[in-house]
Structure formats: structure tokens, C-alpha cells
>>> print(open('start.cif').read())   # mmCIF, C-alpha atoms and all ligand atoms
data_protein
loop_
_atom_site.label_atom_id
_atom_site.label_comp_id
_atom_site.auth_asym_id
_atom_site.auth_seq_id
_atom_site.Cartn_x
_atom_site.Cartn_y
_atom_site.Cartn_z
CA ALA Z 1 0.00 0.00 0.00
CA MET Z 2 1.25 3.49 -0.75
CA ASN Z 3 -0.02 5.46 2.22
CA TYR Z 4 2.92 7.71 2.84
CA ARG Z 5 2.18 11.41 2.33
CA HIS Z 6 5.21 13.63 2.55
CA ALA Z 7 2.92 16.67 3.00
CA PHE Z 8 2.60 15.74 6.70
CA HIS Z 9 6.36 15.94 7.16
CA ALA Z 10 7.52 18.53 4.63
CA GLY Z 11 9.95 21.01 6.15
CA ASN Z 12 10.52 19.06 9.38
CA PHE Z 13 13.95 18.60 11.00
CA ALA Z 14 14.71 15.58 8.80
CA ASP Z 15 14.01 17.60 5.65
CA VAL Z 16 16.27 20.38 6.93
CA LEU Z 17 19.26 18.03 7.04
CA LYS Z 18 18.43 16.13 3.84
CA HIS Z 19 17.64 19.19 1.74
CA SER Z 20 20.52 21.32 2.94
CA VAL Z 21 22.95 18.46 2.13
CA LEU Z 22 21.31 18.05 -1.29
CA ALA Z 23 21.70 21.75 -2.04
CA LEU Z 24 25.37 21.71 -0.96
CA CYS Z 25 26.10 18.72 -3.22
CA LEU Z 26 24.41 20.44 -6.18
CA GLU Z 27 26.35 23.66 -5.56
CA HIS Z 28 29.52 21.60 -5.63
CA LEU Z 29 28.54 20.10 -8.98
CA ASN Z 30 27.87 23.64 -10.25
CA ALA Z 31 31.49 24.57 -9.57
CA LYS Z 32 32.51 22.87 -12.81
CA PRO Z 33 31.01 23.76 -16.20
CA LYS Z 34 30.56 20.17 -17.41
CA PRO Z 35 26.87 19.15 -17.43
CA TYR Z 36 25.56 16.66 -14.89
CA ARG Z 37 22.46 14.64 -14.11
CA VAL Z 38 20.34 14.37 -10.97
CA ILE Z 39 18.33 11.19 -10.35
CA ASP Z 40 15.68 11.32 -7.63
CA THR Z 41 14.29 7.79 -7.14
CA HIS Z 42 11.47 8.74 -4.72
CA ALA Z 43 10.62 12.24 -5.83
CA GLY Z 44 7.29 13.11 -4.14
CA ILE Z 45 5.29 16.02 -5.62
CA GLY Z 46 8.03 18.63 -5.92
CA GLY Z 47 6.66 21.29 -3.61
CA TYR Z 48 4.44 21.47 -0.54
CA ASP Z 49 1.78 23.93 0.53
CA LEU Z 50 2.30 24.56 4.23
CA ALA Z 51 -1.30 25.74 4.57
CA SER Z 52 -2.70 22.47 3.15
CA SER Z 53 -4.89 20.30 5.38
CA GLU Z 54 -2.10 17.74 5.81
CA ALA Z 55 0.46 20.37 6.82
CA GLU Z 56 -2.07 22.00 9.16
CA ARG Z 57 -3.01 18.75 10.83
CA SER Z 58 0.60 17.91 11.47
CA PRO Z 59 2.60 21.12 11.47
CA GLU Z 60 6.02 19.50 11.73
CA TRP Z 61 7.45 22.28 9.56
CA LYS Z 62 6.94 24.78 12.36
CA ASP Z 63 9.71 23.09 14.35
CA GLY Z 64 11.89 22.64 11.26
CA ILE Z 65 12.03 25.30 8.57
CA GLY Z 66 9.77 27.45 10.79
CA ARG Z 67 12.54 27.85 13.36
CA LEU Z 68 15.15 28.73 10.75
CA ILE Z 69 13.57 30.92 8.10
CA ASP Z 70 13.91 34.17 10.08
CA ALA Z 71 16.74 33.13 12.38
CA ASP Z 72 19.99 35.01 12.63
CA LEU Z 73 22.40 32.33 11.47
CA PRO Z 74 25.97 32.15 12.78
CA GLU Z 75 28.44 32.08 9.88
CA PRO Z 76 29.21 28.34 9.99
CA VAL Z 77 25.47 27.61 9.97
CA GLN Z 78 24.97 29.94 7.02
CA ALA Z 79 27.62 27.89 5.20
CA MET Z 80 25.55 24.73 5.69
CA LEU Z 81 22.01 26.05 5.29
CA GLY Z 82 22.55 29.03 2.97
CA PRO Z 83 22.05 27.44 -0.48
CA TRP Z 84 18.86 25.65 0.67
CA LEU Z 85 17.46 28.60 2.66
CA ASP Z 86 18.00 30.93 -0.31
CA ILE Z 87 15.60 28.73 -2.29
CA VAL Z 88 13.00 28.62 0.48
CA ARG Z 89 13.20 32.41 0.86
CA GLU Z 90 12.98 32.97 -2.89
CA MET Z 91 9.72 30.94 -2.94
CA ASN Z 92 8.31 32.87 0.02
CA PRO Z 93 8.78 36.61 -0.34
CA ASP Z 94 5.78 37.35 1.95
CA GLY Z 95 6.03 34.89 4.84
CA ILE Z 96 6.43 31.15 4.63
CA LYS Z 97 3.66 29.31 2.74
CA ALA Z 98 5.47 26.94 0.39
CA TYR Z 99 8.22 24.41 0.93
CA PRO Z 100 10.46 23.00 -1.83
CA GLY Z 101 10.80 19.24 -2.16
CA SER Z 102 13.95 17.70 -3.56
CA PRO Z 103 12.81 18.06 -7.23
CA GLU Z 104 12.24 21.79 -6.75
CA ILE Z 105 15.65 22.24 -5.11
CA ALA Z 106 17.22 20.51 -8.10
CA ALA Z 107 15.09 22.49 -10.58
CA ARG Z 108 16.27 25.75 -9.04
CA LEU Z 109 19.95 24.84 -8.76
CA ILE Z 110 20.72 23.03 -12.02
CA ARG Z 111 21.82 24.93 -15.10
CA GLU Z 112 20.55 24.98 -18.69
CA GLU Z 113 22.58 21.93 -19.79
CA ASP Z 114 21.99 19.79 -16.70
CA ARG Z 115 19.21 17.18 -16.48
CA VAL Z 116 16.93 15.81 -13.75
CA HIS Z 117 15.25 12.41 -13.79
CA LEU Z 118 12.42 11.98 -11.30
CA CYS Z 119 10.72 8.68 -10.37
CA GLU Z 120 7.51 8.64 -8.37
CA LEU Z 121 5.39 5.50 -8.09
CA HIS Z 122 2.23 6.92 -6.48
CA GLU Z 123 -0.30 7.46 -9.25
CA ALA Z 124 -1.80 10.82 -8.28
CA ASP Z 125 1.54 12.17 -7.02
CA SER Z 126 3.29 11.30 -10.26
CA VAL Z 127 0.62 13.27 -12.18
CA THR Z 128 1.06 16.26 -9.85
CA LEU Z 129 4.81 16.06 -10.32
CA ASP Z 130 4.54 15.76 -14.08
CA ASN Z 131 2.22 18.77 -14.26
CA ARG Z 132 4.61 20.83 -12.22
CA TYR Z 133 7.59 20.23 -14.54
CA ARG Z 134 6.01 19.48 -17.90
CA ARG Z 135 7.15 22.82 -19.34
CA ASP Z 136 10.74 22.39 -18.13
CA ALA Z 137 12.64 20.50 -20.85
CA ARG Z 138 15.49 19.74 -18.44
CA ILE Z 139 13.28 17.63 -16.17
CA LYS Z 140 11.81 14.21 -16.92
CA VAL Z 141 9.16 12.57 -14.73
CA GLU Z 142 8.44 8.85 -14.75
CA ARG Z 143 5.83 6.87 -12.84
CA ARG Z 144 8.08 4.00 -11.96
CA ASP Z 145 9.60 2.07 -9.08
CA GLY Z 146 12.67 4.15 -8.32
CA TYR Z 147 14.76 1.18 -7.17
CA LYS Z 148 14.13 -0.76 -10.36
CA ALA Z 149 14.61 2.33 -12.52
CA LEU Z 150 17.94 3.17 -10.91
CA LYS Z 151 19.77 0.22 -12.43
CA SER Z 152 18.89 1.30 -15.94
CA LEU Z 153 19.51 5.01 -15.29
CA VAL Z 154 23.16 4.74 -14.22
CA PRO Z 155 25.68 5.66 -15.33
CA PRO Z 156 24.07 8.70 -16.98
CA LYS Z 157 25.62 9.82 -20.24
CA GLU Z 158 26.97 12.99 -18.58
CA LYS Z 159 29.10 10.75 -16.29
CA ARG Z 160 28.77 13.37 -13.52
CA GLY Z 161 25.98 13.80 -11.08
CA LEU Z 162 23.99 12.77 -8.09
CA VAL Z 163 21.41 10.20 -6.99
CA LEU Z 164 19.02 10.90 -4.14
CA ILE Z 165 17.31 7.87 -2.59
CA ASP Z 166 14.60 9.03 -0.21
CA PRO Z 167 12.06 6.24 0.35
CA PRO Z 168 9.05 6.44 2.69
CA PHE Z 169 10.20 3.70 5.15
CA GLU Z 170 6.71 2.22 5.34
CA ASP Z 171 8.16 -1.19 4.87
CA ARG Z 172 10.22 -2.99 7.53
CA ASP Z 173 12.63 -4.16 4.83
CA GLU Z 174 13.25 -0.71 3.38
CA LEU Z 175 16.92 -0.61 4.45
CA ALA Z 176 17.53 -4.01 2.86
CA HIS Z 177 15.87 -2.87 -0.39
CA MET Z 178 17.90 0.28 -0.34
CA ALA Z 179 21.18 -1.58 0.25
CA GLU Z 180 20.47 -3.91 -2.64
CA ALA Z 181 19.53 -1.12 -5.09
CA VAL Z 182 22.48 0.92 -4.00
CA MET Z 183 25.07 -1.78 -4.43
CA GLY Z 184 23.85 -2.49 -7.95
CA ALA Z 185 23.92 1.19 -8.87
CA LEU Z 186 27.27 1.95 -7.21
CA ALA Z 187 28.89 -0.99 -8.96
CA LYS Z 188 27.76 0.53 -12.29
CA TRP Z 189 28.58 4.14 -11.38
CA PRO Z 190 31.29 4.27 -8.68
CA THR Z 191 32.03 7.97 -9.24
CA GLY Z 192 28.47 9.26 -8.80
CA THR Z 193 27.47 11.08 -5.65
CA PHE Z 194 24.78 9.13 -3.79
CA ILE Z 195 22.68 10.52 -0.94
CA PHE Z 196 20.65 8.00 1.05
CA TRP Z 197 18.11 9.20 3.54
CA ARG Z 198 17.28 6.89 6.40
CA SER Z 199 15.36 7.20 9.64
CA LEU Z 200 17.06 6.73 12.97
CA LYS Z 201 14.40 4.79 14.84
CA ASN Z 202 16.88 2.18 15.73
CA LEU Z 203 20.58 3.03 16.01
CA TRP Z 204 21.61 -0.57 15.61
CA ALA Z 205 19.73 -1.00 12.31
CA ALA Z 206 21.08 2.29 10.96
CA ASP Z 207 24.64 1.41 11.93
CA ARG Z 208 24.28 -1.99 10.37
CA PHE Z 209 23.22 -0.37 7.08
CA ASP Z 210 25.97 2.29 7.16
CA ASN Z 211 28.73 -0.11 8.18
CA GLY Z 212 27.60 -2.83 5.82
CA LEU Z 213 27.67 -0.41 2.92
CA ALA Z 214 31.01 1.06 3.99
CA GLU Z 215 32.57 -2.35 4.45
CA TRP Z 216 31.40 -3.49 1.03
CA LEU Z 217 32.66 -0.31 -0.67
CA ILE Z 218 36.04 -0.45 1.06
CA SER Z 219 36.76 -4.14 0.82
CA GLU Z 220 35.06 -5.06 -2.47
CA LYS Z 221 35.18 -1.80 -4.44
CA ASP Z 222 38.47 -0.32 -3.17
CA PHE Z 223 36.82 2.84 -1.91
CA GLU Z 224 38.78 5.23 0.29
CA PRO Z 225 37.00 5.61 3.66
CA GLU Z 226 36.84 9.40 3.05
CA LYS Z 227 34.38 8.72 0.24
CA ILE Z 228 31.75 7.67 2.77
CA LEU Z 229 30.17 10.24 5.04
CA ARG Z 230 27.19 10.06 7.33
CA ALA Z 231 25.34 12.76 9.21
CA ASP Z 232 22.59 12.15 11.77
CA LEU Z 233 20.45 14.54 13.78
CA TRP Z 234 18.05 13.73 16.59
CA ILE Z 235 15.76 16.22 18.26
CA ARG Z 236 15.10 14.31 21.47
CA ASP Z 237 16.09 11.06 23.07
CA LEU Z 238 16.12 8.37 20.39
CA ALA Z 239 14.55 5.91 22.81
CA SER Z 240 11.52 8.17 23.39
CA GLU Z 241 8.11 7.04 22.18
CA GLY Z 242 6.09 8.87 19.55
CA LYS Z 243 6.98 10.64 16.35
CA LEU Z 244 10.26 10.23 14.52
CA ALA Z 245 13.05 11.50 16.78
CA GLY Z 246 16.04 11.15 14.49
CA ALA Z 247 17.15 10.79 10.89
CA GLY Z 248 20.17 11.18 8.73
CA VAL Z 249 21.90 10.85 5.42
CA VAL Z 250 24.70 8.65 4.16
CA ILE Z 251 26.63 10.24 1.33
CA ILE Z 252 28.92 8.36 -1.03
CA ASN Z 253 31.47 10.50 -2.92
CA PRO Z 254 30.60 13.67 -1.00
CA PRO Z 255 32.18 17.04 -1.83
CA PHE Z 256 35.45 17.03 0.14
CA THR Z 257 34.42 20.12 2.15
CA LEU Z 258 31.06 18.71 3.24
CA GLU Z 259 32.21 17.00 6.42
CA GLU Z 260 33.77 20.15 7.84
CA THR Z 261 30.77 22.27 6.82
CA LEU Z 262 28.43 19.90 8.68
CA VAL Z 263 30.62 19.47 11.76
CA ASN Z 264 30.83 23.24 12.20
CA ALA Z 265 27.07 23.80 11.94
CA MET Z 266 25.50 20.78 13.64
CA PRO Z 267 25.94 21.84 17.29
CA TRP Z 268 23.89 25.01 16.65
CA LEU Z 269 21.41 23.21 14.44
CA ALA Z 270 20.74 20.40 16.94
CA GLU Z 271 20.22 22.88 19.76
CA THR Z 272 17.96 25.09 17.63
CA LEU Z 273 15.78 22.22 16.43
CA ALA Z 274 15.66 20.33 19.75
CA GLN Z 275 12.25 19.27 21.04
CA GLY Z 276 13.30 17.71 24.30
CA ASN Z 277 16.15 16.28 26.33
CA GLY Z 278 18.63 13.94 24.78
CA TYR Z 279 18.93 15.67 21.40
CA GLY Z 280 22.16 15.30 19.47
CA TRP Z 281 24.03 14.80 16.24
CA ARG Z 282 26.93 12.90 14.74
CA VAL Z 283 28.97 13.37 11.60
CA ASP Z 284 31.36 10.61 10.64
CA GLY Z 285 33.58 11.19 7.67
CA GLY Z 286 35.08 7.99 6.44
CA LEU Z 287 33.61 5.15 8.41
CA THR Z 288 37.02 3.79 9.22
CA GLU Z 289 38.13 0.25 9.81
CA ASP Z 290 37.93 0.98 13.55
CA ASP Z 291 34.28 1.89 13.22
CA LEU Z 292 33.71 -1.29 11.26
CA ASP Z 293 35.37 -3.37 13.98
CA GLU Z 294 33.18 -1.74 16.59
CA GLY Z 295 30.10 -2.40 14.52
CA GLU Z 296 30.93 -6.06 14.37
CA GLY Z 297 31.92 -6.45 18.02
N1 LIG D 1 12.36 13.13 -2.09
C1 LIG D 1 11.16 13.90 -1.75
C2 LIG D 1 11.58 15.26 -1.22
O1 LIG D 1 12.66 15.34 -0.62
O2 LIG D 1 10.87 16.21 -1.44
C3 LIG D 1 10.27 13.22 -0.74
C4 LIG D 1 9.96 11.79 -1.04
S1 LIG D 1 8.91 10.96 0.10
C5 LIG D 1 9.93 10.77 1.50
C6 LIG D 1 8.86 9.33 -0.59
C7 LIG D 1 8.07 9.21 -1.89
O3 LIG D 1 8.33 7.94 -2.50
C8 LIG D 1 6.55 9.27 -1.74
O4 LIG D 1 6.06 10.32 -2.55
C9 LIG D 1 6.04 7.90 -2.24
O5 LIG D 1 4.83 7.99 -2.94
C10 LIG D 1 7.17 7.48 -3.17
N2 LIG D 1 7.37 6.04 -3.39
C11 LIG D 1 7.14 5.00 -2.54
N3 LIG D 1 7.63 3.85 -3.05
C12 LIG D 1 8.22 4.16 -4.24
C13 LIG D 1 8.96 3.42 -5.21
N4 LIG D 1 9.16 2.11 -5.05
N5 LIG D 1 9.44 4.07 -6.28
C14 LIG D 1 9.25 5.41 -6.43
N6 LIG D 1 8.58 6.17 -5.55
C15 LIG D 1 8.07 5.56 -4.46
#
>>> encode(input="start.cif", output="C-alpha cells")
Amino acid sequence: AMNYRHAFHAGNFADVLKHSVLALCLEHLNAKPKPYRVIDTHAGIGGYDLASSEAERSPEWKDGIGRLIDADLPEPVQAMLGPWLDIVREMNPDGIKAYPGSPEIAARLIREEDRVHLCELHEADSVTLDNRYRRDARIKVERRDGYKALKSLVPPKEKRGLVLIDPPFEDRDELAHMAEAVMGALAKWPTGTFIFWRSLKNLWAADRFDNGLAEWLISEKDFEPEKILRADLWIRDLASEGKLAGAGVVIINPPFTLEETLVNAMPWLAETLAQGNGYGWRVDGGLTEDDLDEGEG
């Protein structure tokens, strides 16, 4: 069943981390003139109305983007959030009403020669998405299973670019599906930048995914540990009951400055977005062999 509606969650703390990292990776790709491609396997509807009934029933955005849009950002935080916040502000000249999904962030950051490929399996959502971008020749929308599509979409002919994998986590086996899709795609396109979003309901399961992927990349694919970065943020104690308390991204082939940018901003960000005791963050650049040993111990 496809029950997940991102409109309930759009602009929450997890989107803040995911979308700011996405914008930073796209800015990095923009530093070179050669065209690139963005592949978004679970694209959603592209943009969210924060006054919609879903957003009003579950105003998670108020404690995410809502706490940041008018905040006075310290310089290291500006370095992390700036490219993403510029887009949100550009869409909202008169107070915050709209929130950009990952397709909209890509649409606003790519250049004339770059391309975006969006997969969305939900029938009505894929129509909404297609209507939104039908006049933009740079952007292609497909109603298709993003995991299955990924294998045939990489490597893109541009040979440069980024894949975002942002599934709904409705399914208990989502991490296993993701790992499988990812390994297939990375084997075909080892130089692409990959961003995986994953929830942090269970530290052990998240670590198992991160370490399993890192171990495979390092031992089977000769990856340098620096090519694997993860960033997690939790807004209250991870063991607390209720709504999602933590989430993060794993980035393969990140821009080399990303780790430092995140490390410098996360203390302020975690404190600013906190919703209770026990909030925190971690950024691990290069899951090293030591980390892997720990994970296995
Ligand atoms: N990436 C979007 C963003 O950042 O704005 C949000 C995506 S939302 C977390 C996940 C989306 O995946 C939902 O819109 C859902 O309908 C869609 N979906 C679920 N299973 C899918 C699949 N197998 N292939 C493609 N899309 C899928």
C-alpha cells in the first residue's frame, strides 16, 4: 500500500538536514562547467503547501524550517544552510507558505545543460509532479519504481551527477531494499554522488546499514574511507516514544568540504531544532576500519 504522504512531514527537521545536504552537493557540482544529471528515485510532488490540510493537521514544519527561516544564522550555519534557505526564501517573499521538495531544489539549482530524472510510483503524485515540470525540458518525470529504474539510469551519459534515494520507510525491509539497489547502482557508477536518507528509529539498524555499505565499498570496491560520510540529527532522546526523533543521510562520494561544513554547523542546528532532552548529532567522515570493527563487536 502506498499510504505515505510527505505533506505531513515537509519542512521538518529531517528535511532540513536532507535538503541542505542536497543543495550543498548540487552547488559543488555547479562549480565545474561540465553538465551533470540528478536522479531522484522517490521524488514526491516537488513542492508542498504549508497551509494544506495535511500540513495543518501535522505542522512539523513549524519546528523545522519554521525555526530557521527568520533566524539570525551564525556564519558556519549559514555555510551549511545558505544554499537551501535561499531557495525557500525565494519561494516565500511574503512569509512562509510553500516548501520545496527535492525536485524543486534541483530544478532551481541546475543549469541549462543539466538534467533531472524523477521517479515517483504513487499514481496521483506522479501526475502532480509531471504537471509541475512538464514545461521544463530539463526535467523528466516517470511513474516508476525508483529502485528498479535506478539500475537502468546509471551511469548517466553525462558521467557526472547525483542520486538521491529518499524512500518512505513504510516497509520494515526498506533498508535491505535500499542496500540492494544501491550496491547495484554503485557498482555501475562508482564515481556518482549518492545521498541516502534513512530514519534513525533504531541506532543498531542504521549502523548496520551504514557499516555494511562502507565495508562493502572499502573491501570489495576499493573505496577510500573518506568517500563515505554520514550525518545524523536527533531532536530528542532516540529511545523516546512517539513521532520520529532522528534521521540522517549517508553520502557516497561527497564534496570534500562537506564534512567540515556539517561538523561546524550541527551543534547550533541540533540545539535550535531540539524538542526535548537527549537531542544530538553525529557526523562521521570515512567510516574507518575501527568503526567497522566496533560495529561487528
Ligand atoms: N524526495 C522527496 C523530497 O525530498 O521532497 C520526498 C519523497 S517521500 C519521503 C517518498 C516518496 O516515495 C513518496 O512520494 C512515495 O509515494 C514514493 N514512493 C514510494 N515507493 C516508491 C517506489 N518504489 N518508487 C518510487 N517512488 C516511491
>>> closest_residue(input="start.cif", among="Z:Arg89, Z:Arg138, Z:Lys159, Z:Arg57", to="Tyr36 in chain Z", atoms="all atoms listed in the file")
Z:Lys159
>>> residues_near_ligand(input="start.cif", ligand="ligand LIG 1 (chain D)", cutoff="6 Å", atoms="only C-alpha atoms and all ligand atoms", output="ChimeraX atom specification")
/Z:4,6,41-44,46,101-102,119-122,144-146,166-168
>>> closest_residue(input="start.cif", among="Z:Arg37, Z:Lys62, Z:Lys188, Z:Arg172", to="Asn202 in chain Z", atoms="all atoms listed in the file")
Z:Arg172
>>> closest_residue(input="start.cif", among="Z:Asp210, Z:Glu259, Z:Glu241, Z:Glu123", to="Glu226 in chain Z", atoms="all atoms listed in the file")
Z:Glu259
>>> atom_distance(input="start.cif", atom1="CA of Ala245 in chain Z", atom2="CA of Glu170 in chain Z")
16.0 Å
>>> closest_residue(input="start.cif", among="Z:Arg198, Z:Lys34, Z:His28, Z:His9", to="Glu112 in chain Z", atoms="all atoms listed in the file")
Z:Lys34
>>> atom_distance(input="start.cif", atom1="CA of Arg143 in chain Z", atom2="CA of Leu175 in chain Z")
21.9 Å
>>> atom_distance(input="start.cif", atom1="CA of Val154 in chain Z", atom2="CA of Glu104 in chain Z")
21.6 Å
>>> closest_residue(input="start.cif", among="Z:Leu118, Z:Ala185, Z:Leu164, Z:Ile96", to="Ser152 in chain Z", atoms="all atoms listed in the file")
Z:Ala185
>>> residues_around(input="start.cif", residues="Gly184 in chain Z", least_positions_apart="2", cutoff="10 Å", atoms="only C-alpha atoms", output="PyMOL selection string")
chain Z and resi 147+150-151+154+179-182+186-189
>>> closest_residue(input="start.cif", among="Z:Leu269, Z:Leu217, Z:Leu162, Z:Leu238", to="Leu29 in chain Z", atoms="all atoms listed in the file")
Z:Leu162
>>> axis_aligned_box(input="start.cif", around="range 76-94 of chain Z", padding_each_side="6 Å", output="lines of an AutoDock Vina configuration file")
center_x = 17.5
center_y = 31.0
center_z = 3.5
size_x = 35.4
size_y = 24.6
size_z = 24.9
>>> residues_near_point(input="start.cif", point="(33.3, 11.5, -5.1)", cutoff="6 Å", atoms="only C-alpha atoms", output="list in words")
Thr191, Thr193, Asn253 and Pro254 of chain Z
>>> residues_around(input="start.cif", residues="range 229-231 of chain Z", least_positions_apart="6", cutoff="6 Å", atoms="all atoms listed in the file", output="ChimeraX atom specification")
/Z:248-251,282-286
>>> write_last_selection(input="start.cif", atoms="C-alpha atoms", output="PDB file, in the coordinates of the input")
ATOM      1  CA  GLY Z 248      20.170  11.180   8.730  1.00  0.00           C
ATOM      2  CA  VAL Z 249      21.900  10.850   5.420  1.00  0.00           C
ATOM      3  CA  VAL Z 250      24.700   8.650   4.160  1.00  0.00           C
ATOM      4  CA  ILE Z 251      26.630  10.240   1.330  1.00  0.00           C
ATOM      5  CA  ARG Z 282      26.930  12.900  14.740  1.00  0.00           C
ATOM      6  CA  VAL Z 283      28.970  13.370  11.600  1.00  0.00           C
ATOM      7  CA  ASP Z 284      31.360  10.610  10.640  1.00  0.00           C
ATOM      8  CA  GLY Z 285      33.580  11.190   7.670  1.00  0.00           C
ATOM      9  CA  GLY Z 286      35.080   7.990   6.440  1.00  0.00           C
TER      10      GLY Z 286
END
